[in-house]
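To start, the structure itself, in structure tokens.
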Amino acid sequence: MKLGGKQLFTILLVAGVAVSLTVMATSYGSRPVPAVSKPVFDKQAQIKRGEYLVTIGGCNDCHTPWVMGPKGPEPDMTRSLSGHPQQFKIESPAQIQSDKWGWSGALTNTAFSGPWGVSFAANLTPDRNTGTGIWTEEIFRNTIRNGRHWGVARPLLPPMPWVNYRKMSDEDLNAVFAYIHTLKPIDNQVPQPLPPAAAKVAEAATTVAKAKTEASGVIR
């Protein structure tokens, strides 16, 4: 069959386009796929983020001992986030005489007395014996998330606003942890919480009753 000039031109045109597409596809497929670069972790940026969160979160309001400054009470930043001073002894809940007040705070603003008993602000510095020096990021996150010391132990007591802080992202909690571990380690053994006054009275009454019973048994 003899092809006309237009038909031959069309066939050649289609064939040329097909060859061109094949060459382009082969060339593109042989190109190396550019590697996706992973973001570089910036430790200093994380620490700065943690410092920012600690500042706006008011951590120094309770975890840093306050002293009287020239313009009134102020946090003693030489003891930043070291918790309730071990030399400031508190052995019983505050005696609140008015029904208008429900709780009170110590002069250092690191101990608080209320219906829960007496709570003491923890030492957050990286001291290995009395602070968070042997803690991990996971322990710190679990402490805030679960509202328990070490993440699994006794409950965190008022006024610690852990129910708000638990909504922070893992990245932000890790940033806070990174920042507090840049602080000067301070050897300060914060005391354990004290039970409510009513519990102490009940405990004392039980002790007295037990002593009377034992004494009665001896007399017999």
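Letters A, B, ... mark the chains of the structure tokens in the order given; residue numbers begin at 1 per chain; ligand numbers begin at 1, in order shown.
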Open item on the list: as a ChimeraX atom specification, please: the residues near region 137-144 of chain A (cut-off 8 Å, only C-alpha atoms, same-chain neighbours under 4 positions excluded).
Closed with: /A:148-152,162-163,165-166,170,173-174,177
Would you mind exporting the chosen residues as a compact mmCIF listing (two decimals), in the first residue's frame, restricted to C-alpha atoms?
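Okay, part13.txt is ready:
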```txt
# COMPACT_ATOMS: atom_id res chain seq x y z
CA ARG A 148 3.18 11.17 91.04
CA HIS A 149 6.69 11.52 92.38
CA TRP A 150 9.11 9.54 90.19
CA GLY A 151 6.06 8.91 87.98
CA VAL A 152 4.81 6.03 90.14
CA TRP A 162 0.55 19.29 87.35
CA VAL A 163 -2.96 18.89 85.91
CA TYR A 165 1.47 20.94 82.95
CA ARG A 166 0.51 17.40 81.95
CA ASP A 170 6.71 15.52 75.08
CA LEU A 173 8.61 18.52 78.81
CA ASN A 174 11.93 17.26 77.47
CA PHE A 177 14.15 18.70 81.72
```
Problem - Neighbour list for Gly117 (chain A) as a list in words, cut-off 8 Å, only C-alpha atoms, skip fewer than 3 positions in-chain - result: Pro93, Ser113, Gly114, Pro193, Leu194, Pro195, Pro196 and Ala197 of chain A
Identify, on the basis of only C-alpha atoms, every residue whose closest approach to Glu74 (chain A) does not exceed 12 Å; exclude the query and any residue fewer than 2 positions from it along the same chain; express the result as a short mmCIF file (atom, residue, chain, number, x, y, z; two decimals) with N, CA and C atoms, in the first residue's frame.
```cif
data_model
loop_
_atom_site.label_atom_id
_atom_site.label_comp_id
_atom_site.auth_asym_id
_atom_site.auth_seq_id
_atom_site.Cartn_x
_atom_site.Cartn_y
_atom_site.Cartn_z
N ASN A 60 9.82 29.10 89.40
CA ASN A 60 10.59 29.73 90.48
C ASN A 60 9.70 30.27 91.59
N ASP A 61 8.42 30.41 91.33
CA ASP A 61 7.51 30.93 92.36
C ASP A 61 7.47 30.02 93.57
N CYS A 62 7.60 28.71 93.36
CA CYS A 62 7.51 27.75 94.47
C CYS A 62 8.80 26.97 94.68
N THR A 64 11.94 27.81 94.05
CA THR A 64 13.10 28.61 94.45
C THR A 64 12.78 29.33 95.75
N PRO A 65 13.61 29.19 96.81
CA PRO A 65 13.34 29.88 98.08
C PRO A 65 13.30 31.40 97.89
N TRP A 66 12.34 32.01 98.56
CA TRP A 66 12.22 33.46 98.49
C TRP A 66 12.87 34.11 99.70
N VAL A 67 13.40 35.30 99.47
CA VAL A 67 14.01 36.11 100.53
C VAL A 67 13.45 37.52 100.42
N MET A 68 13.66 38.30 101.47
CA MET A 68 13.20 39.68 101.45
C MET A 68 14.23 40.55 100.74
N GLY A 69 13.83 41.14 99.63
CA GLY A 69 14.70 42.02 98.87
C GLY A 69 14.38 43.47 99.14
N PRO A 70 15.04 44.41 98.46
CA PRO A 70 14.81 45.84 98.70
C PRO A 70 13.40 46.29 98.34
N LYS A 71 12.73 45.54 97.47
CA LYS A 71 11.37 45.91 97.08
C LYS A 71 10.34 44.89 97.54
N GLY A 72 10.73 44.04 98.48
CA GLY A 72 9.80 43.03 98.97
C GLY A 72 10.32 41.63 98.68
N ASP A 76 15.36 33.82 95.51
CA ASP A 76 16.81 33.83 95.64
C ASP A 76 17.39 32.98 94.52
N MET A 77 17.79 33.60 93.42
CA MET A 77 18.21 32.86 92.24
C MET A 77 19.57 32.18 92.41
N THR A 78 20.26 32.46 93.51
CA THR A 78 21.48 31.70 93.78
C THR A 78 21.12 30.27 94.21
N ARG A 79 19.85 30.06 94.56
CA ARG A 79 19.36 28.72 94.93
C ARG A 79 18.23 28.31 93.98
N SER A 80 18.37 28.68 92.73
CA SER A 80 17.31 28.47 91.74
C SER A 80 16.83 27.03 91.69
N LEU A 107 7.33 31.43 104.79
CA LEU A 107 8.01 32.66 104.41
C LEU A 107 8.89 32.47 103.19
N THR A 108 9.39 31.26 103.00
CA THR A 108 10.24 30.98 101.83
C THR A 108 9.41 30.71 100.58
N ASN A 109 8.12 30.60 100.72
CA ASN A 109 7.20 30.27 99.63
C ASN A 109 7.53 28.91 99.00
#
```
Show me, as a PyMOL selection string, the residues that have an atom within 12 Å of Leu53 (chain A) when counting only C-alpha atoms, minus same-chain residues fewer than 4 positions from it.
chain A and resi 46-49+57-60+165+168-169+171-180
Go through region 44-172 of chain A and collect every residue that DSSP, computed from the backbone, puts in helix (DSSP H, G or I); the answer should be as a PDB file with N, CA and C atoms, in the first residue's frame.
```pdb
ATOM      1  N   GLN A  44      21.074  23.405  72.123  1.00  0.00           N
ATOM      2  CA  GLN A  44      21.005  24.735  72.721  1.00  0.00           C
ATOM      3  C   GLN A  44      19.630  25.356  72.537  1.00  0.00           C
ATOM      4  N   ALA A  45      19.023  25.098  71.387  1.00  0.00           N
ATOM      5  CA  ALA A  45      17.665  25.610  71.150  1.00  0.00           C
ATOM      6  C   ALA A  45      16.682  24.937  72.106  1.00  0.00           C
ATOM      7  N   GLN A  46      16.887  23.654  72.362  1.00  0.00           N
ATOM      8  CA  GLN A  46      16.018  22.933  73.304  1.00  0.00           C
ATOM      9  C   GLN A  46      16.150  23.521  74.710  1.00  0.00           C
ATOM     10  N   ILE A  47      17.380  23.799  75.122  1.00  0.00           N
ATOM     11  CA  ILE A  47      17.608  24.356  76.449  1.00  0.00           C
ATOM     12  C   ILE A  47      16.972  25.741  76.582  1.00  0.00           C
ATOM     13  N   LYS A  48      17.115  26.566  75.552  1.00  0.00           N
ATOM     14  CA  LYS A  48      16.499  27.898  75.577  1.00  0.00           C
ATOM     15  C   LYS A  48      14.979  27.799  75.642  1.00  0.00           C
ATOM     16  N   ARG A  49      14.427  26.825  74.926  1.00  0.00           N
ATOM     17  CA  ARG A  49      12.987  26.597  74.992  1.00  0.00           C
ATOM     18  C   ARG A  49      12.581  26.207  76.418  1.00  0.00           C
ATOM     19  N   GLY A  50      13.372  25.346  77.039  1.00  0.00           N
ATOM     20  CA  GLY A  50      13.079  24.938  78.402  1.00  0.00           C
ATOM     21  C   GLY A  50      13.145  26.093  79.382  1.00  0.00           C
ATOM     22  N   GLU A  51      14.146  26.946  79.219  1.00  0.00           N
ATOM     23  CA  GLU A  51      14.260  28.132  80.086  1.00  0.00           C
ATOM     24  C   GLU A  51      13.031  29.019  79.940  1.00  0.00           C
ATOM     25  N   TYR A  52      12.587  29.196  78.716  1.00  0.00           N
ATOM     26  CA  TYR A  52      11.392  30.007  78.455  1.00  0.00           C
ATOM     27  C   TYR A  52      10.165  29.404  79.148  1.00  0.00           C
ATOM     28  N   LEU A  53       9.994  28.087  79.039  1.00  0.00           N
ATOM     29  CA  LEU A  53       8.833  27.426  79.635  1.00  0.00           C
ATOM     30  C   LEU A  53       8.872  27.488  81.162  1.00  0.00           C
ATOM     31  N   VAL A  54      10.060  27.320  81.734  1.00  0.00           N
ATOM     32  CA  VAL A  54      10.199  27.410  83.192  1.00  0.00           C
ATOM     33  C   VAL A  54       9.855  28.815  83.669  1.00  0.00           C
ATOM     34  N   THR A  55      10.228  29.808  82.887  1.00  0.00           N
ATOM     35  CA  THR A  55       9.967  31.203  83.267  1.00  0.00           C
ATOM     36  C   THR A  55       8.477  31.521  83.219  1.00  0.00           C
ATOM     37  N   ILE A  56       7.831  31.223  82.103  1.00  0.00           N
ATOM     38  CA  ILE A  56       6.404  31.568  81.992  1.00  0.00           C
ATOM     39  C   ILE A  56       5.537  30.617  82.807  1.00  0.00           C
ATOM     40  N   CYS A  59       7.804  28.371  87.625  1.00  0.00           N
ATOM     41  CA  CYS A  59       8.439  27.332  88.444  1.00  0.00           C
ATOM     42  C   CYS A  59       9.221  27.916  89.615  1.00  0.00           C
ATOM     43  N   ASN A  60       9.825  29.095  89.404  1.00  0.00           N
ATOM     44  CA  ASN A  60      10.590  29.725  90.478  1.00  0.00           C
ATOM     45  C   ASN A  60       9.698  30.267  91.590  1.00  0.00           C
ATOM     46  N   ASP A  61       8.420  30.414  91.325  1.00  0.00           N
ATOM     47  CA  ASP A  61       7.514  30.930  92.356  1.00  0.00           C
ATOM     48  C   ASP A  61       7.468  30.019  93.569  1.00  0.00           C
ATOM     49  N   CYS A  62       7.595  28.712  93.356  1.00  0.00           N
ATOM     50  CA  CYS A  62       7.509  27.753  94.466  1.00  0.00           C
ATOM     51  C   CYS A  62       8.797  26.969  94.683  1.00  0.00           C
ATOM     52  N   HIS A  63       9.508  26.630  93.616  1.00  0.00           N
ATOM     53  CA  HIS A  63      10.668  25.750  93.746  1.00  0.00           C
ATOM     54  C   HIS A  63      11.963  26.489  94.059  1.00  0.00           C
ATOM     55  N   MET A  77      17.788  33.603  93.416  1.00  0.00           N
ATOM     56  CA  MET A  77      18.207  32.863  92.235  1.00  0.00           C
ATOM     57  C   MET A  77      19.565  32.177  92.409  1.00  0.00           C
ATOM     58  N   THR A  78      20.259  32.459  93.505  1.00  0.00           N
ATOM     59  CA  THR A  78      21.477  31.695  93.781  1.00  0.00           C
ATOM     60  C   THR A  78      21.125  30.267  94.210  1.00  0.00           C
ATOM     61  N   ARG A  79      19.851  30.056  94.562  1.00  0.00           N
ATOM     62  CA  ARG A  79      19.357  28.721  94.929  1.00  0.00           C
ATOM     63  C   ARG A  79      18.228  28.309  93.982  1.00  0.00           C
ATOM     64  N   GLU A 137      14.549  11.553  81.108  1.00  0.00           N
ATOM     65  CA  GLU A 137      13.437  12.296  80.503  1.00  0.00           C
ATOM     66  C   GLU A 137      12.117  11.579  80.751  1.00  0.00           C
ATOM     67  N   GLU A 138      12.136  10.258  80.648  1.00  0.00           N
ATOM     68  CA  GLU A 138      10.902   9.477  80.822  1.00  0.00           C
ATOM     69  C   GLU A 138      10.363   9.602  82.243  1.00  0.00           C
ATOM     70  N   ILE A 139      11.231   9.531  83.230  1.00  0.00           N
ATOM     71  CA  ILE A 139      10.783   9.677  84.620  1.00  0.00           C
ATOM     72  C   ILE A 139      10.165  11.053  84.826  1.00  0.00           C
ATOM     73  N   PHE A 140      10.831  12.076  84.284  1.00  0.00           N
ATOM     74  CA  PHE A 140      10.315  13.444  84.433  1.00  0.00           C
ATOM     75  C   PHE A 140       8.944  13.584  83.762  1.00  0.00           C
ATOM     76  N   ARG A 141       8.817  13.069  82.541  1.00  0.00           N
ATOM     77  CA  ARG A 141       7.529  13.164  81.839  1.00  0.00           C
ATOM     78  C   ARG A 141       6.441  12.416  82.606  1.00  0.00           C
ATOM     79  N   ASN A 142       6.753  11.229  83.099  1.00  0.00           N
ATOM     80  CA  ASN A 142       5.758  10.434  83.820  1.00  0.00           C
ATOM     81  C   ASN A 142       5.347  11.093  85.130  1.00  0.00           C
ATOM     82  N   THR A 143       6.289  11.781  85.768  1.00  0.00           N
ATOM     83  CA  THR A 143       5.963  12.504  87.003  1.00  0.00           C
ATOM     84  C   THR A 143       4.892  13.550  86.738  1.00  0.00           C
ATOM     85  N   ILE A 144       5.066  14.292  85.653  1.00  0.00           N
ATOM     86  CA  ILE A 144       4.090  15.334  85.312  1.00  0.00           C
ATOM     87  C   ILE A 144       2.805  14.714  84.762  1.00  0.00           C
ATOM     88  N   ARG A 145       2.925  13.736  83.911  1.00  0.00           N
ATOM     89  CA  ARG A 145       1.741  13.131  83.292  1.00  0.00           C
ATOM     90  C   ARG A 145       0.864  12.407  84.327  1.00  0.00           C
ATOM     91  N   ASN A 146       1.506  11.692  85.258  1.00  0.00           N
ATOM     92  CA  ASN A 146       0.759  10.880  86.215  1.00  0.00           C
ATOM     93  C   ASN A 146       0.480  11.590  87.532  1.00  0.00           C
ATOM     94  N   HIS A 149       5.239  11.396  92.232  1.00  0.00           N
ATOM     95  CA  HIS A 149       6.691  11.523  92.381  1.00  0.00           C
ATOM     96  C   HIS A 149       7.368  10.320  91.745  1.00  0.00           C
ATOM     97  N   TRP A 150       8.428  10.571  90.957  1.00  0.00           N
ATOM     98  CA  TRP A 150       9.113   9.538  90.185  1.00  0.00           C
ATOM     99  C   TRP A 150       8.188   8.886  89.158  1.00  0.00           C
ATOM    100  N   GLY A 151       7.004   9.448  88.963  1.00  0.00           N
ATOM    101  CA  GLY A 151       6.065   8.912  87.979  1.00  0.00           C
ATOM    102  C   GLY A 151       5.189   7.799  88.497  1.00  0.00           C
ATOM    103  N   TRP A 162       0.172  20.321  88.325  1.00  0.00           N
ATOM    104  CA  TRP A 162       0.555  19.294  87.350  1.00  0.00           C
ATOM    105  C   TRP A 162      -0.581  18.965  86.384  1.00  0.00           C
ATOM    106  N   VAL A 163      -1.828  19.180  86.811  1.00  0.00           N
ATOM    107  CA  VAL A 163      -2.962  18.887  85.908  1.00  0.00           C
ATOM    108  C   VAL A 163      -2.943  19.796  84.687  1.00  0.00           C
ATOM    109  N   ASN A 164      -2.310  20.961  84.813  1.00  0.00           N
ATOM    110  CA  ASN A 164      -2.137  21.856  83.662  1.00  0.00           C
ATOM    111  C   ASN A 164      -0.884  21.485  82.883  1.00  0.00           C
ATOM    112  N   TYR A 165       0.202  21.244  83.606  1.00  0.00           N
ATOM    113  CA  TYR A 165       1.473  20.942  82.946  1.00  0.00           C
ATOM    114  C   TYR A 165       1.431  19.607  82.197  1.00  0.00           C
ATOM    115  N   ASP A 170       5.480  16.195  74.660  1.00  0.00           N
ATOM    116  CA  ASP A 170       6.715  15.521  75.080  1.00  0.00           C
ATOM    117  C   ASP A 170       7.928  16.396  74.798  1.00  0.00           C
ATOM    118  N   GLU A 171       7.898  17.089  73.666  1.00  0.00           N
ATOM    119  CA  GLU A 171       9.031  17.939  73.290  1.00  0.00           C
ATOM    120  C   GLU A 171       9.236  19.061  74.311  1.00  0.00           C
ATOM    121  N   ASP A 172       8.135  19.657  74.774  1.00  0.00           N
ATOM    122  CA  ASP A 172       8.254  20.742  75.745  1.00  0.00           C
ATOM    123  C   ASP A 172       8.705  20.223  77.112  1.00  0.00           C
TER     124      ASP A 172
END
```
